[in-house]
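Okay, coords_3.csv is below, CSV, C-alpha atoms and all ligand atoms:
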chain,number,residue,atom,x,y,z
A,9,MET,CA,0.0,0.0,0.0
A,10,LYS,CA,1.2,3.5,-1.0
A,11,LYS,CA,2.4,5.5,2.0
A,12,PHE,CA,1.0,9.0,2.3
A,13,ASP,CA,2.3,11.8,4.4
A,14,LEU,CA,0.9,15.2,5.4
A,15,LYS,CA,2.1,18.2,3.3
A,16,TYR,CA,2.7,21.5,5.0
A,17,TYR,CA,2.5,25.0,3.7
A,18,PRO,CA,4.4,26.3,1.6
A,19,ASP,CA,4.6,23.0,-0.2
A,20,PRO,CA,3.6,24.0,-3.8
A,21,VAL,CA,1.2,21.0,-4.1
A,22,LEU,CA,-1.2,22.9,-1.8
A,23,ARG,CA,-1.6,25.6,-4.4
A,24,LYS,CA,-2.4,23.4,-7.4
A,25,VAL,CA,-6.0,22.7,-8.7
A,26,SER,CA,-6.9,19.0,-8.4
A,27,SER,CA,-8.4,17.0,-11.3
A,28,PRO,CA,-11.7,15.3,-11.3
A,29,VAL,CA,-11.7,11.5,-10.6
A,30,ILE,CA,-12.6,9.6,-13.8
A,31,LYS,CA,-13.0,6.2,-12.3
A,32,VAL,CA,-13.6,5.2,-8.7
A,33,ASN,CA,-11.2,2.2,-8.5
A,34,SER,CA,-9.0,0.6,-5.9
A,35,VAL,CA,-6.4,3.4,-6.2
A,36,ILE,CA,-9.0,5.9,-5.1
A,37,ARG,CA,-10.2,3.6,-2.3
A,38,GLN,CA,-6.6,3.2,-1.1
A,39,LEU,CA,-6.2,7.0,-1.2
A,40,ILE,CA,-9.3,7.5,1.0
A,41,LYS,CA,-8.0,4.8,3.4
A,42,GLY,CA,-4.6,6.5,3.6
A,43,MET,CA,-6.1,9.9,4.0
A,44,SER,CA,-8.3,8.8,6.9
A,45,LYS,CA,-5.3,7.3,8.7
A,46,ILE,CA,-3.5,10.6,8.4
A,47,MET,CA,-6.6,12.6,9.5
A,48,TYR,CA,-7.2,10.5,12.6
A,49,TYR,CA,-3.5,10.4,13.4
A,50,HIS,CA,-3.3,14.2,13.4
A,51,LYS,CA,-6.7,14.5,15.2
A,52,GLY,CA,-8.1,16.5,12.3
A,53,ILE,CA,-11.8,16.7,11.3
A,54,GLY,CA,-11.2,16.9,7.6
A,55,LEU,CA,-8.6,16.3,4.9
A,56,ALA,CA,-8.3,16.9,1.2
A,57,ALA,CA,-6.2,14.8,-1.2
A,58,PRO,CA,-3.7,17.6,-2.1
A,59,GLN,CA,-2.8,17.6,1.6
A,60,VAL,CA,-1.2,14.2,1.1
A,61,GLY,CA,0.3,15.3,-2.3
A,62,THR,CA,-2.4,13.8,-4.5
A,63,LEU,CA,-4.1,16.1,-7.0
A,64,GLU,CA,-7.4,14.3,-7.2
A,65,ARG,CA,-10.8,15.7,-6.2
A,66,VAL,CA,-11.2,13.6,-3.1
A,67,ILE,CA,-12.1,14.9,0.4
A,68,ILE,CA,-12.9,13.3,3.7
A,69,ALA,CA,-14.4,14.6,7.0
A,70,ASP,CA,-15.3,13.3,10.4
A,71,ILE,CA,-16.6,15.8,13.0
A,72,GLY,CA,-17.2,12.9,15.4
A,73,GLU,CA,-20.3,11.5,13.7
A,74,GLY,CA,-18.5,9.0,11.4
A,75,LEU,CA,-16.3,9.2,8.3
A,76,ILE,CA,-17.7,11.0,5.2
A,77,SER,CA,-15.8,10.7,1.9
A,78,MET,CA,-16.6,12.6,-1.2
A,79,ILE,CA,-15.3,12.3,-4.7
A,80,ASN,CA,-15.7,15.2,-7.2
A,81,PRO,CA,-17.7,17.2,-4.6
A,82,GLU,CA,-19.5,20.3,-5.9
A,83,ILE,CA,-21.5,22.8,-4.0
A,84,LEU,CA,-24.9,23.4,-5.7
A,85,THR,CA,-26.3,26.0,-3.4
A,86,GLY,CA,-25.6,27.5,0.0
A,87,PHE,CA,-27.8,29.2,2.6
A,88,GLY,CA,-27.1,31.6,5.5
A,89,GLU,CA,-23.7,32.7,6.8
A,90,ASP,CA,-21.7,32.4,9.9
A,91,ASN,CA,-18.2,33.1,11.2
A,92,MET,CA,-15.8,30.7,12.9
A,93,GLU,CA,-12.1,30.4,13.6
A,94,GLU,CA,-10.6,27.7,11.4
A,95,GLY,CA,-7.3,25.9,11.6
A,96,CYS,CA,-5.7,23.6,9.0
A,97,LEU,CA,-3.6,20.5,9.4
A,98,SER,CA,-1.2,21.9,6.7
A,99,LEU,CA,-0.8,25.2,8.5
A,100,PRO,CA,-0.3,24.1,12.1
A,101,ASP,CA,0.3,27.6,13.7
A,102,THR,CA,-2.4,29.5,11.9
A,103,VAL,CA,-6.0,30.4,12.8
A,104,VAL,CA,-8.2,32.5,10.6
A,105,ASN,CA,-11.8,33.7,11.2
A,106,ILE,CA,-13.7,32.8,8.1
A,107,LYS,CA,-17.3,33.6,7.0
A,108,ARG,CA,-18.9,30.7,5.2
A,109,LYS,CA,-22.3,29.4,4.2
A,110,GLN,CA,-24.2,27.9,7.2
A,111,SER,CA,-25.7,25.1,5.1
A,112,ILE,CA,-24.9,23.7,1.7
A,113,LEU,CA,-26.3,21.4,-0.9
A,114,VAL,CA,-23.4,19.3,-2.2
A,115,ARG,CA,-23.3,16.8,-5.1
A,116,TYR,CA,-20.6,14.1,-5.0
A,117,ILE,CA,-19.7,10.5,-5.9
A,118,ASP,CA,-19.3,8.1,-3.0
A,119,LYS,CA,-16.6,5.3,-2.9
A,120,SER,CA,-19.1,2.8,-4.4
A,121,GLU,CA,-19.4,5.2,-7.4
A,122,ASN,CA,-23.0,6.3,-6.6
A,123,GLU,CA,-23.9,9.9,-7.3
A,124,LYS,CA,-25.3,11.6,-4.3
A,125,GLU,CA,-26.7,14.9,-3.0
A,126,SER,CA,-26.6,15.9,0.6
A,127,GLU,CA,-27.8,18.9,2.5
A,128,LEU,CA,-25.2,19.6,5.2
A,129,ASN,CA,-25.3,22.1,8.1
A,130,GLY,CA,-23.1,23.7,10.7
A,131,LEU,CA,-19.7,22.3,11.3
A,132,THR,CA,-20.0,19.6,8.6
A,133,ALA,CA,-20.9,22.2,6.0
A,134,ARG,CA,-18.0,24.3,7.1
A,135,VAL,CA,-15.5,21.5,6.9
A,136,ILE,CA,-16.7,20.4,3.5
A,137,GLN,CA,-16.3,24.1,2.2
A,138,HIS,CA,-12.8,24.2,3.7
A,139,GLU,CA,-11.8,20.9,2.0
A,140,ILE,CA,-13.3,21.9,-1.4
A,141,ASP,CA,-11.2,25.0,-1.1
A,142,HIS,CA,-8.1,22.8,-0.9
A,143,LEU,CA,-9.1,21.1,-4.2
A,144,ASN,CA,-8.9,24.6,-5.8
A,145,GLY,CA,-5.6,25.5,-4.2
A,146,VAL,CA,-7.2,27.9,-1.7
A,147,LEU,CA,-6.0,28.0,1.9
A,148,ILE,CA,-7.3,29.7,5.1
A,149,ILE,CA,-4.6,32.4,4.9
A,150,ASP,CA,-6.3,33.6,1.7
A,151,TYR,CA,-9.2,34.8,3.9
A,152,ALA,CA,-7.0,36.7,6.3
A,153,PRO,CA,-7.5,40.5,6.2
A,154,LEU,CA,-4.6,42.2,4.4
A,155,THR,CA,-4.0,44.5,7.4
A,156,LYS,CA,-3.4,41.5,9.6
A,157,ILE,CA,-0.8,40.1,7.2
A,158,LEU,CA,0.9,43.5,6.9
A,159,ASN,CA,1.0,43.8,10.7
A,160,GLN,CA,2.7,40.4,11.0
A,161,ASN,CA,5.3,41.4,8.4
A,162,ILE,CA,6.1,44.6,10.3
A,163,LYS,CA,6.5,42.8,13.6
A,164,ASN,CA,9.0,40.5,12.0
A,165,ARG,CA,11.1,43.3,10.5
A,166,PHE,CA,13.1,44.5,13.5
A,201,ZN,ZN,-7.0,22.5,5.6
Would you put the structure from the file into structure tokens?
Ligand SMILES: [Zn+2]
Amino acid sequence: MKKFDLKYYPDPVLRKVSSPVIKVNSVIRQLIKGMSKIMYYHKGIGLAAPQVGTLERVIIADIGEGLISMINPEILTGFGEDNMEEGCLSLPDTVVNIKRKQSILVRYIDKSENEKESELNGLTARVIQHEIDHLNGVLIIDYAPLTKILNQNIKNRF
């Protein structure tokens, strides 16, 4: 079995756009298995394939209610908004307050290759939005206000 390891910012793989999965085969199922091992080992609640160096549109999440895995996830609509501080396994020292949709309707393929649609709310909806960002090369620091980034730069320029 292929060994996966967690990629940390600024690894360039985290900035690439992942490709859609064409066929849900044993390679994809091994990827999901490897990703869940890493997510649980690092006590995360979500993980996207680019975080293990694989540019395929695969994400997983577990907020304590069981493992969800999604292939080629796509947000069809979103409702409401809320703010929450988010961390990321690939940026261990960073926390950013991010406004996201409170609930989302997401279409995806499951690991048995069935097309599904789910309405997700609260923390699950948030994690899925965070993970889909990873598939597009978007990271939590992209939501940080510019002033905050500038302040940090100034602080480090003694
Ligand atoms: Zn992340």
Cut-off 6 Å, all atoms listed in the file, neighbours of ligand ZN 201 (chain A) as a PDB file with C-alpha atoms, keeping the file's coordinate frame:
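The resulting pocket.pdb:
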ATOM      1  CA  CYS A  96      -5.700  23.600   9.000  1.00  0.00           C
ATOM      2  CA  LEU A  97      -3.600  20.500   9.400  1.00  0.00           C
ATOM      3  CA  SER A  98      -1.200  21.900   6.700  1.00  0.00           C
TER       4      SER A  98
END
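One distance worth recording is that between atom CA of A:Ile40 and atom CA of A:Ala57, which is 8.2 Å.
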Which residues are close to A:Ile83, i.e. within 7 Å by only C-alpha atoms, leaving aside same-chain residues fewer than 5 positions away? Reply as a list in words.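 So, after excluding close chain neighbours, the residues are Ile112, Leu113, Val114 and Arg115 of chain A.
Counting all atoms listed in the file and comparing A:Gly42, A:Gly130, A:Gly88, A:Pro28, the residue that lies closest to A:Asn144 is A:Pro28.
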Could you list as a compact mmCIF listing (two decimals) with C-alpha atoms, in the frame of the given file every residue that has an atom within 12 Å of (-20.0, 19.8, 11.2), using the file's coordinates and counting only C-alpha atoms?
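Final output, point06.txt:
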# COMPACT_ATOMS: atom_id res chain seq x y z
CA ILE A 53 -11.80 16.70 11.30
CA GLY A 54 -11.20 16.90 7.60
CA ALA A 69 -14.40 14.60 7.00
CA ASP A 70 -15.30 13.30 10.40
CA ILE A 71 -16.60 15.80 13.00
CA GLY A 72 -17.20 12.90 15.40
CA GLU A 73 -20.30 11.50 13.70
CA GLY A 74 -18.50 9.00 11.40
CA LEU A 75 -16.30 9.20 8.30
CA ILE A 76 -17.70 11.00 5.20
CA MET A 92 -15.80 30.70 12.90
CA GLN A 110 -24.20 27.90 7.20
CA SER A 111 -25.70 25.10 5.10
CA ILE A 112 -24.90 23.70 1.70
CA GLU A 127 -27.80 18.90 2.50
CA LEU A 128 -25.20 19.60 5.20
CA ASN A 129 -25.30 22.10 8.10
CA GLY A 130 -23.10 23.70 10.70
CA LEU A 131 -19.70 22.30 11.30
CA THR A 132 -20.00 19.60 8.60
CA ALA A 133 -20.90 22.20 6.00
CA ARG A 134 -18.00 24.30 7.10
CA VAL A 135 -15.50 21.50 6.90
CA ILE A 136 -16.70 20.40 3.50
CA GLN A 137 -16.30 24.10 2.20
CA HIS A 138 -12.80 24.20 3.70
Interatomic distance, atom CA of A:Tyr151 to atom CA of A:Ile106 (Å, one decimal):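 Spanning atom CA of A:Tyr151 to atom CA of A:Ile106 is a straight-line distance of 6.5 Å.
Of note, atom CA of A:Lys109 and atom CA of A:Glu89 are spaced 4.4 Å apart.
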List as a ChimeraX atom specification: which residues have an atom within 10 Å of (-19.3, 8.0, -8.6), counting all atoms listed in the file? /A:29-33,78-80,116-124
Counting only C-alpha atoms, figure out which residue out of A:Val25, A:Leu99, A:Leu55, A:Ile140 gets nearest to A:Pro81.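 Once distances to A:Pro81 are computed over only C-alpha atoms, the minimum belongs to A:Ile140.
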Long-range neighbours of A:Thr62 as number ranges by chain, 12 Å cut-off, only C-alpha atoms, 3 positions minimum in chain: A: 10-15, 20-29, 35-36, 38-40, 42-43, 55-59, 65-67, 142-143
Got a sec: who's within 8 Å of A:Glu94, counting only C-alpha atoms, leaving out chain neighbours fewer than 6 positions off, as a list in words?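 Using only C-alpha atoms, the neighbours found are Val103, Val104, Asn105, Ile106 and Ile148 of chain A.
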Any chance you could model all heavy atoms for stretch 75-86 of chain A and send them as a PDB file, in the coordinates of the input?
ATOM      1  N   LEU A  75     -17.112   8.744   9.431  1.00  0.00           N
ATOM      2  CA  LEU A  75     -16.300   9.200   8.300  1.00  0.00           C
ATOM      3  C   LEU A  75     -17.210   9.459   7.063  1.00  0.00           C
ATOM      4  O   LEU A  75     -18.033   8.621   6.695  1.00  0.00           O
ATOM      5  CB  LEU A  75     -15.261   8.147   7.942  1.00  0.00           C
ATOM      6  CG  LEU A  75     -14.293   8.501   6.822  1.00  0.00           C
ATOM      7  CD1 LEU A  75     -13.362   9.638   7.229  1.00  0.00           C
ATOM      8  CD2 LEU A  75     -13.486   7.280   6.399  1.00  0.00           C
ATOM      9  N   ILE A  76     -17.014  10.629   6.468  1.00  0.00           N
ATOM     10  CA  ILE A  76     -17.700  11.000   5.200  1.00  0.00           C
ATOM     11  C   ILE A  76     -16.564  11.065   4.172  1.00  0.00           C
ATOM     12  O   ILE A  76     -15.544  11.700   4.423  1.00  0.00           O
ATOM     13  CB  ILE A  76     -18.353  12.360   5.289  1.00  0.00           C
ATOM     14  CG1 ILE A  76     -19.376  12.433   6.417  1.00  0.00           C
ATOM     15  CG2 ILE A  76     -18.962  12.759   3.956  1.00  0.00           C
ATOM     16  CD1 ILE A  76     -19.887  13.869   6.668  1.00  0.00           C
ATOM     17  N   SER A  77     -16.741  10.425   3.009  1.00  0.00           N
ATOM     18  CA  SER A  77     -15.800  10.700   1.900  1.00  0.00           C
ATOM     19  C   SER A  77     -16.530  11.084   0.696  1.00  0.00           C
ATOM     20  O   SER A  77     -17.618  10.568   0.404  1.00  0.00           O
ATOM     21  CB  SER A  77     -14.918   9.413   1.691  1.00  0.00           C
ATOM     22  OG  SER A  77     -15.714   8.278   1.525  1.00  0.00           O
ATOM     23  N   MET A  78     -15.978  12.040  -0.027  1.00  0.00           N
ATOM     24  CA  MET A  78     -16.600  12.600  -1.200  1.00  0.00           C
ATOM     25  C   MET A  78     -15.648  12.667  -2.362  1.00  0.00           C
ATOM     26  O   MET A  78     -14.534  13.153  -2.188  1.00  0.00           O
ATOM     27  CB  MET A  78     -17.187  13.986  -0.941  1.00  0.00           C
ATOM     28  CG  MET A  78     -18.283  14.027   0.095  1.00  0.00           C
ATOM     29  SD  MET A  78     -18.933  15.729   0.259  1.00  0.00           S
ATOM     30  CE  MET A  78     -20.257  15.414   1.446  1.00  0.00           C
ATOM     31  N   ILE A  79     -16.098  12.201  -3.525  1.00  0.00           N
ATOM     32  CA  ILE A  79     -15.300  12.300  -4.700  1.00  0.00           C
ATOM     33  C   ILE A  79     -15.969  13.270  -5.677  1.00  0.00           C
ATOM     34  O   ILE A  79     -17.206  13.253  -5.816  1.00  0.00           O
ATOM     35  CB  ILE A  79     -15.220  10.853  -5.368  1.00  0.00           C
ATOM     36  CG1 ILE A  79     -14.517   9.904  -4.377  1.00  0.00           C
ATOM     37  CG2 ILE A  79     -14.505  10.878  -6.725  1.00  0.00           C
ATOM     38  CD1 ILE A  79     -14.859   8.449  -4.558  1.00  0.00           C
ATOM     39  N   ASN A  80     -15.175  14.127  -6.274  1.00  0.00           N
ATOM     40  CA  ASN A  80     -15.700  15.200  -7.200  1.00  0.00           C
ATOM     41  C   ASN A  80     -16.794  16.013  -6.509  1.00  0.00           C
ATOM     42  O   ASN A  80     -17.830  16.248  -7.139  1.00  0.00           O
ATOM     43  CB  ASN A  80     -16.162  14.610  -8.498  1.00  0.00           C
ATOM     44  CG  ASN A  80     -15.069  13.902  -9.264  1.00  0.00           C
ATOM     45  OD1 ASN A  80     -13.879  14.045  -8.961  1.00  0.00           O
ATOM     46  ND2 ASN A  80     -15.449  13.127 -10.271  1.00  0.00           N
ATOM     47  N   PRO A  81     -16.625  16.473  -5.263  1.00  0.00           N
ATOM     48  CA  PRO A  81     -17.700  17.200  -4.600  1.00  0.00           C
ATOM     49  C   PRO A  81     -17.909  18.589  -5.273  1.00  0.00           C
ATOM     50  O   PRO A  81     -16.954  19.190  -5.767  1.00  0.00           O
ATOM     51  CB  PRO A  81     -17.163  17.422  -3.184  1.00  0.00           C
ATOM     52  CG  PRO A  81     -15.685  17.417  -3.340  1.00  0.00           C
ATOM     53  CD  PRO A  81     -15.403  16.434  -4.452  1.00  0.00           C
ATOM     54  N   GLU A  82     -19.167  19.001  -5.278  1.00  0.00           N
ATOM     55  CA  GLU A  82     -19.500  20.300  -5.900  1.00  0.00           C
ATOM     56  C   GLU A  82     -20.667  20.887  -5.135  1.00  0.00           C
ATOM     57  O   GLU A  82     -21.666  20.225  -4.855  1.00  0.00           O
ATOM     58  CB  GLU A  82     -20.053  19.862  -7.329  1.00  0.00           C
ATOM     59  CG  GLU A  82     -20.129  20.949  -8.339  1.00  0.00           C
ATOM     60  CD  GLU A  82     -20.837  20.427  -9.608  1.00  0.00           C
ATOM     61  OE1 GLU A  82     -20.723  19.224  -9.931  1.00  0.00           O
ATOM     62  OE2 GLU A  82     -21.516  21.238 -10.235  1.00  0.00           O
ATOM     63  N   ILE A  83     -20.491  22.146  -4.750  1.00  0.00           N
ATOM     64  CA  ILE A  83     -21.500  22.800  -4.000  1.00  0.00           C
ATOM     65  C   ILE A  83     -22.568  23.389  -4.973  1.00  0.00           C
ATOM     66  O   ILE A  83     -22.230  24.179  -5.849  1.00  0.00           O
ATOM     67  CB  ILE A  83     -20.947  23.949  -3.110  1.00  0.00           C
ATOM     68  CG1 ILE A  83     -20.041  23.313  -2.045  1.00  0.00           C
ATOM     69  CG2 ILE A  83     -22.054  24.773  -2.453  1.00  0.00           C
ATOM     70  CD1 ILE A  83     -19.180  24.297  -1.279  1.00  0.00           C
ATOM     71  N   LEU A  84     -23.816  22.937  -4.826  1.00  0.00           N
ATOM     72  CA  LEU A  84     -24.900  23.400  -5.700  1.00  0.00           C
ATOM     73  C   LEU A  84     -25.476  24.688  -5.279  1.00  0.00           C
ATOM     74  O   LEU A  84     -25.693  25.590  -6.080  1.00  0.00           O
ATOM     75  CB  LEU A  84     -25.952  22.293  -5.869  1.00  0.00           C
ATOM     76  CG  LEU A  84     -25.455  20.932  -6.358  1.00  0.00           C
ATOM     77  CD1 LEU A  84     -26.590  19.915  -6.367  1.00  0.00           C
ATOM     78  CD2 LEU A  84     -24.840  21.034  -7.752  1.00  0.00           C
ATOM     79  N   THR A  85     -25.783  24.772  -3.975  1.00  0.00           N
ATOM     80  CA  THR A  85     -26.300  26.000  -3.400  1.00  0.00           C
ATOM     81  C   THR A  85     -25.859  26.122  -1.954  1.00  0.00           C
ATOM     82  O   THR A  85     -25.492  25.118  -1.338  1.00  0.00           O
ATOM     83  CB  THR A  85     -27.843  26.104  -3.415  1.00  0.00           C
ATOM     84  OG1 THR A  85     -28.363  24.863  -2.953  1.00  0.00           O
ATOM     85  CG2 THR A  85     -28.391  26.448  -4.763  1.00  0.00           C
ATOM     86  N   GLY A  86     -25.943  27.308  -1.413  1.00  0.00           N
ATOM     87  CA  GLY A  86     -25.600  27.500   0.000  1.00  0.00           C
ATOM     88  C   GLY A  86     -26.614  28.492   0.594  1.00  0.00           C
ATOM     89  O   GLY A  86     -27.182  29.315  -0.107  1.00  0.00           O
TER      90      GLY A  86
END
